[in-house]
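J.: Below are the structure tokens for one structure; questions will follow.
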Amino acid sequence: MEQQQETVLAFRGLTRRFGGVVALNQFNMELTNRQIVGLIGPNGSGKTTSFNVLTGIYAANGGSIEFLGQDITSWPAQKVYEAGVARTFQRSRLCLELSIFDNIMIGNHKRLNHGIMFNVFQRKALQKQITENHEEARKLLQIFNPALADKMFEPVGTLRMIDRRRIEICRALISHPRLLLLDEPSAGMTHEETRELMEDILEVREMIDGLSIILVEHEMGMIERVTDKCIVLNFGQKICEGAYRDVASDKLVQEAYLGGE
Amino acid sequence: MTQSLKDKLVILLLAALGTAFMVTFIAIEEQTEIFALLLVAAALIVAAAKFGVIKAISQCLSRNEKLMNGAVIAAVLVVVFWFREDHFPLLMIATVMMYVIACFGLNMQFGYTGVVNFAGAAFFGIGCYTAAVLGDTSVPLLMVIALGGIAAAIIGSILIIPVLRTRGHYAAVVTIAFGLLFRTFLEVNDTLGGPQGLRVPGMNLFGWDFNSNIEISENIELSFYMNYVILALIMVILAFVLMRRIERSWIGLNFDAVRLDETAAACFGIDIKRWKITAFTLGNFLAGTAGALYAMMLGFIAPSNFAFSDSLILVSIVLLGGMGSLWGTILAAGLVVLLPEKLQAIQEYRFLIYAIVMILILLFRPQGILPRGLRAYIPGWRG
């Protein structure tokens with residue numbers, strides 16, 4: 001039970017400005033082990049910005065980020081990833097001309113040997129590492145879509161949107177992160193596909209021990225089904241936090257979404 | 001007949017055809033005959049593409065990579081020995097090979113990693129001048145080739161900061177400026193010969209003088225260029241192996257990730273700077289080694305050999321062949337170096353023709369003549 005309550009991530013007064021626009025304003029949040037938190041809010045409310053600040057793409061203008069007990073506020077993107085944070089992007093950022101296997105291995109960076117001597121001269125050892133990681137990627141893909149596992153040497157550009165999303169999630173999961181950030185996974189997908197993806201996410205959480213997830217999503221059905229708690233942002237500020245049912249009936253939230261009375 | 005036997009026969013046939021074509025192409029001198037030969041070759045290729053033969057052939061070749069590599073080396077050796085006594089054809093073949101090595105270097109930089117370099121000729125030139133300066137000292141000449149590469153890599157590191165800070169057009173301008181500076185520096189520098197240039201001593205391996213003809217018996221005397229062709233071939237093979245091994249490793253994957261999406265790459269721990277520096281340095285090293293050997297072969301170098309237009313030729317070879325495609329680079333280097341030499345008629349218009357061909361390629365076949373395929377980490381293995 002002790003393990004369950006461990007804080008994985010904490011934002012304290014996190015602020016980010018773009019010129020005169022305050023994209024994140026004094027944002028506080030906490031995420032515990034194995035929790036799935038939904039981040040919702042109208043367009044431009046700071047959801048993706050919070051991901052970009054957390055992963056080190058943007059620097060914070062104020063406040064701090066604590067991940068697994070370490071202050072990671074000013075860490076570069078590479079170091080944040082090494083610490084165990086992996087993400088997907090709002091607009092899919094796969095390398096379309098590379099194969100499925102290549103794309104997943106990009107996410108596996110910290111577990112591969114990148115020494116020049118190793119890669120150029122120790123070919124036997126390198127090939128062993130390649131086949132082992134291929135097997136692991138195949139197992140991971142099978143959870144999402146067994147058909148993908150059989151065509152790992154085909155370019156990602158030929159795949160349907162939902163399969164590309166799945167590969168993005170696999171790319172994030174292959175390195176065994178502690179925190180997974182999903183930025184609008186249902187964007188550009190049909191209802192049926194969104195439902196499939198939701199099942200995938202729930203299955204992933206069951207399978208991978210100690211994984212917490214933050215989900216940015218507009219599809220409220222998904223938020224309701226998947227998340228343990230919701231945080232609503234509006235103009236960079238947190239306006240509400242709680243279980244989906246409570247948040248959905250909150251007056252402020254309804255105003256933010258529907259424009260009020 | 002089994003599949004593998006069929007494959008072997010196909011490769012043998014292709015190698016024979018290719019050898020025959022190369023020998024004929026280099027041997028004939030009548031302009032109309034050369035045009036006719038090129039037209040026939042072009043017609044054959046178009047017809048083969050139309051009937052799906054090209055696709056079948058490329059599948060067959062990728063199934064038998066080792067055999068294909070061996071067949072190409074054998075074909076080159078046959079062509080080289082065919083012209084064993086003729087200086088000019090051998091000089092052309094050796095020149096193609098040195099361009100191939102330099103363009104492999106550029107391929108590492110912008111074909112793999114997306115780091116533009118419009119100063120290819122300058123790095124080639126650094127290799128040349130290293131050979132000129134060190135040639136008369138007691139440094140072993142084989143070492144001088146390596147030192148030419150190392151000098152190019154070290155001088156290239158001056159450019160690393162601007163190359164890392166800029167992208168796209170700006171990075172292009174930075175390298176163009178470096179190329180121009182390099183040439184101007186040579187022209188005003190008297191210790192390096194100024195505009196007149198420098199004499200470069202020929203290669204000499206353990207007392208084997210590369211610059212004198214090889215007398216085998218009283219009637220057989222091989223052109224001294226044979227020495228350079230063979231050494232260049234060995235260097236091309238080594239460079240090819242290096243390029244292939246890097247491509248088919250995690251380093252090649254990092255290069256691709258940096259080229260295709262720097263933000264996503266950074267979010268998965270890929271150190272953008274580290275891989276750009278690695279590619280830039282290794283690429284300059286390759287260009288420098290090619291330059292050192294080239295200078296020894298020509299025996300004389302001057303700043304005018306390293307103009308901006310020469311850098312453009314190197315870039316156009318990479319684009320023409322296909323970014324990141326090794327066989328494409330080899331084919332394109334052959335075309336770009338040999339065609340103007342053979343077709344005297346077009347020689348004066350060569351830059352005009354380059355420009356037109358480049359525009360056509362970029363418009364209609366941006367992936368190049370022989371596009372690079374997906375990475376096959378282990379040949380023949382698909383998991």
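Following the order of the structure tokens, chains are lettered A, B, ..., residues in each are numbered from 1, and ligands are numbered from 1.
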For Gly197 in chain B, please output as a PyMOL selection string all residues within 6 Å (counting only C-alpha atoms; exclusion window: fewer than 3 positions along the same chain).
T.: chain B and resi 193-194+301-302
J.: Near Arg372 in chain B, counting only C-alpha atoms, which residues have an atom at most 7 Å away, once you skip same-chain residues fewer than 4 positions from it, shown as JSON, numbers by chain?
T.: {"B": [322, 323, 324, 325]}
J.: Would you mind exporting N, CA and C atoms of the selected residues as a PDB file, in the first residue's frame?
T.:
```
ATOM      1  N   GLY B 322      21.126   9.834 -54.920  1.00  0.00           N
ATOM      2  CA  GLY B 322      20.099   9.549 -53.903  1.00  0.00           C
ATOM      3  C   GLY B 322      20.710   9.728 -52.535  1.00  0.00           C
ATOM      4  N   MET B 323      20.079  10.583 -51.710  1.00  0.00           N
ATOM      5  CA  MET B 323      20.620  10.885 -50.390  1.00  0.00           C
ATOM      6  C   MET B 323      20.794   9.607 -49.562  1.00  0.00           C
ATOM      7  N   GLY B 324      22.005   9.411 -49.098  1.00  0.00           N
ATOM      8  CA  GLY B 324      22.243   8.259 -48.238  1.00  0.00           C
ATOM      9  C   GLY B 324      22.392   6.943 -48.975  1.00  0.00           C
ATOM     10  N   SER B 325      22.303   6.986 -50.312  1.00  0.00           N
ATOM     11  CA  SER B 325      22.401   5.735 -51.067  1.00  0.00           C
ATOM     12  C   SER B 325      23.834   5.526 -51.554  1.00  0.00           C
TER      13      SER B 325
END
```
J.: For chain A, work out the contacting residues on chain B at 7 Å, counting only C-alpha atoms, and write them as a PDB file with all heavy atoms, in the first residue's frame.
T.:
```pdb
ATOM      1  N   ARG B 245      28.449  -0.210 -42.354  1.00  0.00           N
ATOM      2  CA  ARG B 245      28.368  -0.644 -40.951  1.00  0.00           C
ATOM      3  C   ARG B 245      27.732   0.427 -40.091  1.00  0.00           C
ATOM      4  O   ARG B 245      26.971   0.121 -39.174  1.00  0.00           O
ATOM      5  CB  ARG B 245      29.758  -1.001 -40.427  1.00  0.00           C
ATOM      6  CG  ARG B 245      30.249  -2.292 -41.013  1.00  0.00           C
ATOM      7  CD  ARG B 245      31.491  -2.773 -40.328  1.00  0.00           C
ATOM      8  NE  ARG B 245      31.721  -4.165 -40.692  1.00  0.00           N
ATOM      9  CZ  ARG B 245      32.584  -4.949 -40.082  1.00  0.00           C
ATOM     10  NH1 ARG B 245      33.289  -4.475 -39.087  1.00  0.00           N
ATOM     11  NH2 ARG B 245      32.726  -6.191 -40.457  1.00  0.00           N
ATOM     12  N   ILE B 246      28.058   1.678 -40.386  1.00  0.00           N
ATOM     13  CA  ILE B 246      27.443   2.750 -39.603  1.00  0.00           C
ATOM     14  C   ILE B 246      25.959   2.825 -39.888  1.00  0.00           C
ATOM     15  O   ILE B 246      25.135   2.935 -38.980  1.00  0.00           O
ATOM     16  CB  ILE B 246      28.165   4.085 -39.886  1.00  0.00           C
ATOM     17  CG1 ILE B 246      29.492   4.058 -39.141  1.00  0.00           C
ATOM     18  CG2 ILE B 246      27.298   5.268 -39.464  1.00  0.00           C
ATOM     19  CD1 ILE B 246      30.196   5.341 -39.014  1.00  0.00           C
ATOM     20  N   SER B 249      23.623   0.249 -38.002  1.00  0.00           N
ATOM     21  CA  SER B 249      23.893   0.143 -36.570  1.00  0.00           C
ATOM     22  C   SER B 249      23.029   1.179 -35.875  1.00  0.00           C
ATOM     23  O   SER B 249      22.324   1.952 -36.515  1.00  0.00           O
ATOM     24  CB  SER B 249      25.376   0.418 -36.305  1.00  0.00           C
ATOM     25  OG  SER B 249      25.630   1.792 -36.456  1.00  0.00           O
ATOM     26  N   TRP B 250      23.107   1.209 -34.575  1.00  0.00           N
ATOM     27  CA  TRP B 250      22.337   2.206 -33.824  1.00  0.00           C
ATOM     28  C   TRP B 250      22.796   3.617 -34.176  1.00  0.00           C
ATOM     29  O   TRP B 250      22.027   4.564 -34.100  1.00  0.00           O
ATOM     30  CB  TRP B 250      22.471   1.979 -32.320  1.00  0.00           C
ATOM     31  CG  TRP B 250      22.102   0.612 -31.838  1.00  0.00           C
ATOM     32  CD1 TRP B 250      22.841  -0.187 -31.017  1.00  0.00           C
ATOM     33  CD2 TRP B 250      20.896  -0.128 -32.110  1.00  0.00           C
ATOM     34  NE1 TRP B 250      22.179  -1.368 -30.781  1.00  0.00           N
ATOM     35  CE2 TRP B 250      20.991  -1.366 -31.440  1.00  0.00           C
ATOM     36  CE3 TRP B 250      19.765   0.129 -32.879  1.00  0.00           C
ATOM     37  CZ2 TRP B 250      19.995  -2.328 -31.494  1.00  0.00           C
ATOM     38  CZ3 TRP B 250      18.766  -0.837 -32.938  1.00  0.00           C
ATOM     39  CH2 TRP B 250      18.895  -2.046 -32.255  1.00  0.00           C
ATOM     40  N   ILE B 251      24.078   3.758 -34.567  1.00  0.00           N
ATOM     41  CA  ILE B 251      24.570   5.087 -34.934  1.00  0.00           C
ATOM     42  C   ILE B 251      23.834   5.581 -36.172  1.00  0.00           C
ATOM     43  O   ILE B 251      23.401   6.740 -36.232  1.00  0.00           O
ATOM     44  CB  ILE B 251      26.092   5.054 -35.176  1.00  0.00           C
ATOM     45  CG1 ILE B 251      26.808   4.693 -33.870  1.00  0.00           C
ATOM     46  CG2 ILE B 251      26.589   6.392 -35.708  1.00  0.00           C
ATOM     47  CD1 ILE B 251      28.304   4.628 -33.983  1.00  0.00           C
ATOM     48  N   LEU B 253      20.911   4.770 -37.064  1.00  0.00           N
ATOM     49  CA  LEU B 253      19.550   5.106 -36.641  1.00  0.00           C
ATOM     50  C   LEU B 253      19.518   6.488 -35.969  1.00  0.00           C
ATOM     51  O   LEU B 253      18.627   7.291 -36.240  1.00  0.00           O
ATOM     52  CB  LEU B 253      19.034   4.031 -35.682  1.00  0.00           C
ATOM     53  CG  LEU B 253      17.627   4.241 -35.138  1.00  0.00           C
ATOM     54  CD1 LEU B 253      16.609   4.281 -36.257  1.00  0.00           C
ATOM     55  CD2 LEU B 253      17.266   3.141 -34.154  1.00  0.00           C
ATOM     56  N   LEU B 260      15.591  13.575 -39.404  1.00  0.00           N
ATOM     57  CA  LEU B 260      14.159  13.618 -39.677  1.00  0.00           C
ATOM     58  C   LEU B 260      13.371  14.456 -38.676  1.00  0.00           C
ATOM     59  O   LEU B 260      12.370  15.063 -39.042  1.00  0.00           O
ATOM     60  CB  LEU B 260      13.598  12.185 -39.728  1.00  0.00           C
ATOM     61  CG  LEU B 260      14.125  11.371 -40.907  1.00  0.00           C
ATOM     62  CD1 LEU B 260      13.791   9.904 -40.741  1.00  0.00           C
ATOM     63  CD2 LEU B 260      13.554  11.894 -42.209  1.00  0.00           C
ATOM     64  N   ALA B 264      11.751  15.364 -31.713  1.00  0.00           N
ATOM     65  CA  ALA B 264      11.386  14.018 -31.274  1.00  0.00           C
ATOM     66  C   ALA B 264      12.639  13.264 -30.834  1.00  0.00           C
ATOM     67  O   ALA B 264      12.633  12.554 -29.827  1.00  0.00           O
ATOM     68  CB  ALA B 264      10.667  13.273 -32.392  1.00  0.00           C
ATOM     69  N   ALA B 266      15.378  14.448 -29.546  1.00  0.00           N
ATOM     70  CA  ALA B 266      15.818  14.913 -28.234  1.00  0.00           C
ATOM     71  C   ALA B 266      14.936  14.336 -27.133  1.00  0.00           C
ATOM     72  O   ALA B 266      15.410  14.020 -26.038  1.00  0.00           O
ATOM     73  CB  ALA B 266      15.784  16.441 -28.182  1.00  0.00           C
ATOM     74  N   CYS B 267      13.641  14.175 -27.413  1.00  0.00           N
ATOM     75  CA  CYS B 267      12.722  13.625 -26.408  1.00  0.00           C
ATOM     76  C   CYS B 267      12.979  12.143 -26.142  1.00  0.00           C
ATOM     77  O   CYS B 267      12.389  11.571 -25.232  1.00  0.00           O
ATOM     78  CB  CYS B 267      11.278  13.814 -26.846  1.00  0.00           C
ATOM     79  SG  CYS B 267      10.729  15.493 -26.584  1.00  0.00           S
ATOM     80  N   PHE B 268      13.764  11.504 -26.984  1.00  0.00           N
ATOM     81  CA  PHE B 268      14.116  10.118 -26.704  1.00  0.00           C
ATOM     82  C   PHE B 268      15.604   9.987 -26.430  1.00  0.00           C
ATOM     83  O   PHE B 268      16.229   8.963 -26.733  1.00  0.00           O
ATOM     84  CB  PHE B 268      13.643   9.200 -27.833  1.00  0.00           C
ATOM     85  CG  PHE B 268      12.144   9.126 -27.861  1.00  0.00           C
ATOM     86  CD1 PHE B 268      11.414   9.807 -28.796  1.00  0.00           C
ATOM     87  CD2 PHE B 268      11.468   8.421 -26.873  1.00  0.00           C
ATOM     88  CE1 PHE B 268      10.032   9.788 -28.775  1.00  0.00           C
ATOM     89  CE2 PHE B 268      10.092   8.395 -26.854  1.00  0.00           C
ATOM     90  CZ  PHE B 268       9.366   9.082 -27.801  1.00  0.00           C
ATOM     91  N   GLY B 269      16.179  11.031 -25.876  1.00  0.00           N
ATOM     92  CA  GLY B 269      17.537  10.934 -25.340  1.00  0.00           C
ATOM     93  C   GLY B 269      18.650  11.051 -26.354  1.00  0.00           C
ATOM     94  O   GLY B 269      19.818  10.884 -26.009  1.00  0.00           O
ATOM     95  N   ILE B 270      18.319  11.319 -27.623  1.00  0.00           N
ATOM     96  CA  ILE B 270      19.378  11.373 -28.631  1.00  0.00           C
ATOM     97  C   ILE B 270      20.088  12.723 -28.549  1.00  0.00           C
ATOM     98  O   ILE B 270      19.460  13.775 -28.647  1.00  0.00           O
ATOM     99  CB  ILE B 270      18.795  11.117 -30.034  1.00  0.00           C
ATOM    100  CG1 ILE B 270      18.234   9.693 -30.066  1.00  0.00           C
ATOM    101  CG2 ILE B 270      19.862  11.314 -31.105  1.00  0.00           C
ATOM    102  CD1 ILE B 270      17.510   9.338 -31.333  1.00  0.00           C
ATOM    103  N   ASP B 271      21.400  12.668 -28.363  1.00  0.00           N
ATOM    104  CA  ASP B 271      22.203  13.872 -28.202  1.00  0.00           C
ATOM    105  C   ASP B 271      22.492  14.442 -29.598  1.00  0.00           C
ATOM    106  O   ASP B 271      23.389  13.979 -30.301  1.00  0.00           O
ATOM    107  CB  ASP B 271      23.504  13.485 -27.475  1.00  0.00           C
ATOM    108  CG  ASP B 271      24.339  14.700 -27.129  1.00  0.00           C
ATOM    109  OD1 ASP B 271      24.150  15.752 -27.775  1.00  0.00           O
ATOM    110  OD2 ASP B 271      25.187  14.589 -26.235  1.00  0.00           O
ATOM    111  N   LEU B 374      15.091   0.863 -47.082  1.00  0.00           N
ATOM    112  CA  LEU B 374      14.957   0.808 -45.618  1.00  0.00           C
ATOM    113  C   LEU B 374      16.202   0.155 -45.038  1.00  0.00           C
ATOM    114  O   LEU B 374      16.866  -0.629 -45.704  1.00  0.00           O
ATOM    115  CB  LEU B 374      13.750  -0.035 -45.234  1.00  0.00           C
ATOM    116  CG  LEU B 374      12.379   0.616 -45.375  1.00  0.00           C
ATOM    117  CD1 LEU B 374      11.313  -0.410 -45.071  1.00  0.00           C
ATOM    118  CD2 LEU B 374      12.250   1.800 -44.444  1.00  0.00           C
ATOM    119  N   ARG B 382      14.751 -10.755 -41.438  1.00  0.00           N
ATOM    120  CA  ARG B 382      13.553  -9.927 -41.265  1.00  0.00           C
ATOM    121  C   ARG B 382      12.830 -10.298 -39.975  1.00  0.00           C
ATOM    122  O   ARG B 382      11.620 -10.225 -39.894  1.00  0.00           O
ATOM    123  CB  ARG B 382      12.596 -10.114 -42.454  1.00  0.00           C
ATOM    124  CG  ARG B 382      13.227  -9.792 -43.779  1.00  0.00           C
ATOM    125  CD  ARG B 382      12.238  -9.123 -44.684  1.00  0.00           C
ATOM    126  NE  ARG B 382      12.612  -7.747 -44.914  1.00  0.00           N
ATOM    127  CZ  ARG B 382      11.730  -6.800 -45.248  1.00  0.00           C
ATOM    128  NH1 ARG B 382      10.457  -7.071 -45.344  1.00  0.00           N
ATOM    129  NH2 ARG B 382      12.137  -5.587 -45.476  1.00  0.00           N
ATOM    130  N   GLY B 383      13.579 -10.727 -39.000  1.00  0.00           N
ATOM    131  CA  GLY B 383      12.989 -10.990 -37.700  1.00  0.00           C
ATOM    132  C   GLY B 383      12.341 -12.350 -37.571  1.00  0.00           C
ATOM    133  O   GLY B 383      12.038 -13.008 -38.517  1.00  0.00           O
TER     134      GLY B 383
END
```
J.: Need the shell around Lys238 in chain A: protein/DNA/RNA residues with any atom at most 10 Å away, counting only C-alpha atoms. Skip same-chain ones fewer than 5 positions apart. Format as a ChimeraX atom specification?
T.: /A:24-29,39-41,45-46,231-233
J.: Any chance you can output those residues with all heavy atoms as a tab-separated table (two decimals), in the first residue's frame?
T.:
```tsv
chain	number	residue	atom	x	y	z
A	24	LEU	N	1.14	28.89	-18.99
A	24	LEU	CA	0.94	28.11	-17.75
A	24	LEU	C	1.10	29.07	-16.59
A	24	LEU	O	2.09	29.81	-16.53
A	24	LEU	CB	2.02	27.02	-17.61
A	24	LEU	CG	1.80	25.69	-18.29
A	24	LEU	CD1	2.94	24.76	-17.91
A	24	LEU	CD2	0.47	25.07	-17.92
A	25	ASN	N	0.12	29.09	-15.69
A	25	ASN	CA	0.15	30.07	-14.63
A	25	ASN	C	0.04	29.38	-13.27
A	25	ASN	O	-1.01	28.85	-12.92
A	25	ASN	CB	-1.02	31.06	-14.85
A	25	ASN	CG	-0.88	32.27	-13.96
A	25	ASN	OD1	0.04	32.37	-13.17
A	25	ASN	ND2	-1.83	33.18	-14.10
A	26	GLN	N	1.16	29.33	-12.55
A	26	GLN	CA	1.14	28.78	-11.18
A	26	GLN	C	0.46	27.42	-11.12
A	26	GLN	O	-0.42	27.18	-10.30
A	26	GLN	CB	0.42	29.76	-10.24
A	26	GLN	CG	1.10	31.10	-10.08
A	26	GLN	CD	2.36	30.99	-9.24
A	26	GLN	OE1	2.45	30.17	-8.33
A	26	GLN	NE2	3.35	31.79	-9.55
A	27	PHE	N	0.88	26.53	-11.98
A	27	PHE	CA	0.21	25.23	-12.08
A	27	PHE	C	0.78	24.27	-11.03
A	27	PHE	O	1.98	24.02	-10.99
A	27	PHE	CB	0.42	24.70	-13.51
A	27	PHE	CG	-0.28	23.41	-13.80
A	27	PHE	CD1	-1.33	22.95	-13.03
A	27	PHE	CD2	0.12	22.65	-14.90
A	27	PHE	CE1	-1.97	21.75	-13.33
A	27	PHE	CE2	-0.51	21.45	-15.20
A	27	PHE	CZ	-1.56	21.01	-14.41
A	28	ASN	N	-0.12	23.77	-10.17
A	28	ASN	CA	0.28	22.77	-9.18
A	28	ASN	C	-0.42	21.46	-9.49
A	28	ASN	O	-1.62	21.46	-9.75
A	28	ASN	CB	-0.15	23.20	-7.77
A	28	ASN	CG	0.62	24.41	-7.31
A	28	ASN	OD1	1.84	24.41	-7.29
A	28	ASN	ND2	-0.11	25.47	-6.98
A	29	MET	N	0.31	20.37	-9.46
A	29	MET	CA	-0.37	19.07	-9.56
A	29	MET	C	0.53	17.99	-8.98
A	29	MET	O	1.73	18.16	-8.83
A	29	MET	CB	-0.74	18.74	-10.99
A	29	MET	CG	0.42	18.40	-11.90
A	29	MET	SD	-0.13	17.55	-13.38
A	29	MET	CE	-0.18	15.88	-12.83
A	39	LEU	N	-5.79	15.35	-18.43
A	39	LEU	CA	-5.58	16.79	-18.46
A	39	LEU	C	-6.52	17.32	-19.53
A	39	LEU	O	-6.37	17.00	-20.71
A	39	LEU	CB	-4.12	17.06	-18.82
A	39	LEU	CG	-3.42	18.31	-18.31
A	39	LEU	CD1	-3.59	18.46	-16.82
A	39	LEU	CD2	-1.95	18.23	-18.65
A	40	ILE	N	-7.52	18.10	-19.10
A	40	ILE	CA	-8.47	18.59	-20.10
A	40	ILE	C	-8.59	20.10	-20.03
A	40	ILE	O	-8.08	20.74	-19.10
A	40	ILE	CB	-9.87	17.94	-19.95
A	40	ILE	CG1	-10.40	18.15	-18.54
A	40	ILE	CG2	-9.80	16.46	-20.27
A	40	ILE	CD1	-11.77	17.54	-18.32
A	41	GLY	N	-9.23	20.66	-21.03
A	41	GLY	CA	-9.37	22.11	-21.11
A	41	GLY	C	-9.53	22.51	-22.55
A	41	GLY	O	-9.17	21.75	-23.44
A	45	SER	N	-5.26	26.05	-23.68
A	45	SER	CA	-5.34	26.24	-22.24
A	45	SER	C	-4.06	25.82	-21.52
A	45	SER	O	-3.96	25.97	-20.32
A	45	SER	CB	-6.53	25.48	-21.68
A	45	SER	OG	-6.40	24.11	-21.95
A	46	GLY	N	-3.07	25.30	-22.28
A	46	GLY	CA	-1.79	24.99	-21.65
A	46	GLY	C	-1.50	23.52	-21.44
A	46	GLY	O	-0.52	23.17	-20.79
A	231	ILE	N	-7.75	16.91	-14.30
A	231	ILE	CA	-7.38	18.28	-13.98
A	231	ILE	C	-7.84	19.14	-15.16
A	231	ILE	O	-7.60	18.79	-16.31
A	231	ILE	CB	-5.86	18.41	-13.79
A	231	ILE	CG1	-5.45	17.68	-12.51
A	231	ILE	CG2	-5.43	19.87	-13.75
A	231	ILE	CD1	-3.98	17.53	-12.31
A	232	VAL	N	-8.55	20.23	-14.85
A	232	VAL	CA	-9.04	21.09	-15.92
A	232	VAL	C	-8.23	22.37	-15.95
A	232	VAL	O	-8.06	23.03	-14.93
A	232	VAL	CB	-10.53	21.44	-15.71
A	232	VAL	CG1	-11.07	22.15	-16.96
A	232	VAL	CG2	-11.34	20.20	-15.42
A	233	LEU	N	-7.70	22.68	-17.12
A	233	LEU	CA	-6.94	23.92	-17.30
A	233	LEU	C	-7.77	24.89	-18.13
A	233	LEU	O	-8.51	24.49	-19.03
A	233	LEU	CB	-5.63	23.64	-18.05
A	233	LEU	CG	-4.51	22.93	-17.30
A	233	LEU	CD1	-3.37	22.62	-18.26
A	233	LEU	CD2	-4.00	23.77	-16.14
```
J.: Find, counting only C-alpha atoms, the residue in B:Ile356, B:Tyr294, B:Leu198, B:Glu348 that gets nearest to Leu231 in chain B.
T.: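 Among B:Ile356, B:Tyr294, B:Leu198, B:Glu348, it is B:Tyr294 that comes nearest to Leu231 in chain B.
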J.: Could you state the separation of CA of Met297 in chain B and CA of Lys342 in chain B in Å, given to one decimal place?
T.: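 Calculated distance between CA of Met297 in chain B and CA of Lys342 in chain B is 20.7 Å.
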J.: What are the DSSP alpha helix (DSSP H) residues of range 298-340 of chain B, as a PyMOL selection string?
T.: chain B and resi 298+308-321+326-340
J.: Tell me, which residues of range 163-227 of chain A carry DSSP strand (DSSP E), written as JSON, numbers by chain?
T.: {"A": [179, 180, 181, 182, 183, 212, 213, 214, 215, 216]}
J.: Would you save the residues from that selection as a PDB file, in the first residue's frame, using C-alpha atoms?
T.:
```pdb
ATOM      1  CA  LEU A 179       5.705   8.132 -16.614  1.00  0.00           C
ATOM      2  CA  LEU A 180       3.939   8.081 -19.973  1.00  0.00           C
ATOM      3  CA  LEU A 181       2.614  11.305 -21.479  1.00  0.00           C
ATOM      4  CA  LEU A 182      -0.095  10.826 -24.102  1.00  0.00           C
ATOM      5  CA  ASP A 183      -0.907  13.970 -26.055  1.00  0.00           C
ATOM      6  CA  SER A 212       1.804   6.350 -14.367  1.00  0.00           C
ATOM      7  CA  ILE A 213       0.087   8.103 -17.249  1.00  0.00           C
ATOM      8  CA  ILE A 214      -0.938  11.673 -17.996  1.00  0.00           C
ATOM      9  CA  LEU A 215      -3.490  11.863 -20.774  1.00  0.00           C
ATOM     10  CA  VAL A 216      -4.374  15.013 -22.688  1.00  0.00           C
TER      11      VAL A 216
END
```
J.: From the set A:Val253, A:Arg91, A:Gly13, A:Phe144, which residue has the shortest atom-to-atom contact distance to Ser186 in chain A, counting only C-alpha atoms?
T.: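 Among the listed residues, the smallest separation from Ser186 in chain A belongs to A:Arg91.
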J.: In terms of the shortest atom-to-atom distance over only C-alpha atoms, which of A:Ala147, A:Asp250, A:Tyr257, A:Leu202 is closest to Leu159 in chain A?
T.: A:Ala147
J.: Counting only C-alpha atoms, which of B:Thr95, B:Gln367, B:Ser62, B:Asn305 gets nearest to Tyr228 in chain B?
T.: B:Thr95
J.: As a ChimeraX atom specification, please: the residues near Val80 in chain B (cut-off 9 Å, only C-alpha atoms, same-chain neighbours under 5 positions excluded).
T.: /B:23,75,89-90,93,226,229-230
J.: Keeping only N, CA and C atoms, write those residues as a PDB file, in the first residue's frame.
T.:
```pdb
ATOM      1  N   VAL B  23      33.728  -1.199 -70.488  1.00  0.00           N
ATOM      2  CA  VAL B  23      34.903  -1.273 -71.372  1.00  0.00           C
ATOM      3  C   VAL B  23      34.607  -0.554 -72.685  1.00  0.00           C
ATOM      4  N   ALA B  75      34.174  -7.025 -61.553  1.00  0.00           N
ATOM      5  CA  ALA B  75      33.938  -6.298 -62.808  1.00  0.00           C
ATOM      6  C   ALA B  75      34.883  -5.107 -62.923  1.00  0.00           C
ATOM      7  N   PRO B  89      42.403   6.338 -69.499  1.00  0.00           N
ATOM      8  CA  PRO B  89      41.242   5.637 -68.896  1.00  0.00           C
ATOM      9  C   PRO B  89      41.473   5.318 -67.420  1.00  0.00           C
ATOM     10  N   LEU B  90      42.698   4.928 -67.075  1.00  0.00           N
ATOM     11  CA  LEU B  90      42.972   4.577 -65.675  1.00  0.00           C
ATOM     12  C   LEU B  90      42.886   5.811 -64.788  1.00  0.00           C
ATOM     13  N   ILE B  93      39.255   6.428 -64.165  1.00  0.00           N
ATOM     14  CA  ILE B  93      38.665   5.468 -63.216  1.00  0.00           C
ATOM     15  C   ILE B  93      39.102   5.813 -61.790  1.00  0.00           C
ATOM     16  N   MET B 226      47.902   2.283 -62.663  1.00  0.00           N
ATOM     17  CA  MET B 226      47.422   1.030 -62.073  1.00  0.00           C
ATOM     18  C   MET B 226      47.597   1.038 -60.558  1.00  0.00           C
ATOM     19  N   VAL B 229      44.954   3.207 -59.054  1.00  0.00           N
ATOM     20  CA  VAL B 229      43.616   2.631 -59.171  1.00  0.00           C
ATOM     21  C   VAL B 229      43.419   1.541 -58.115  1.00  0.00           C
ATOM     22  N   ILE B 230      44.423   0.699 -57.953  1.00  0.00           N
ATOM     23  CA  ILE B 230      44.275  -0.407 -56.999  1.00  0.00           C
ATOM     24  C   ILE B 230      44.177   0.132 -55.569  1.00  0.00           C
TER      25      ILE B 230
END
```
J.: Can you tell me, as a ChimeraX atom specification, what residues are no more than 12 Å from Arg365 in chain B when counting only C-alpha atoms, ignoring any on the same chain fewer than 5 positions away?
T.: /B:319-323,357-360,370-371
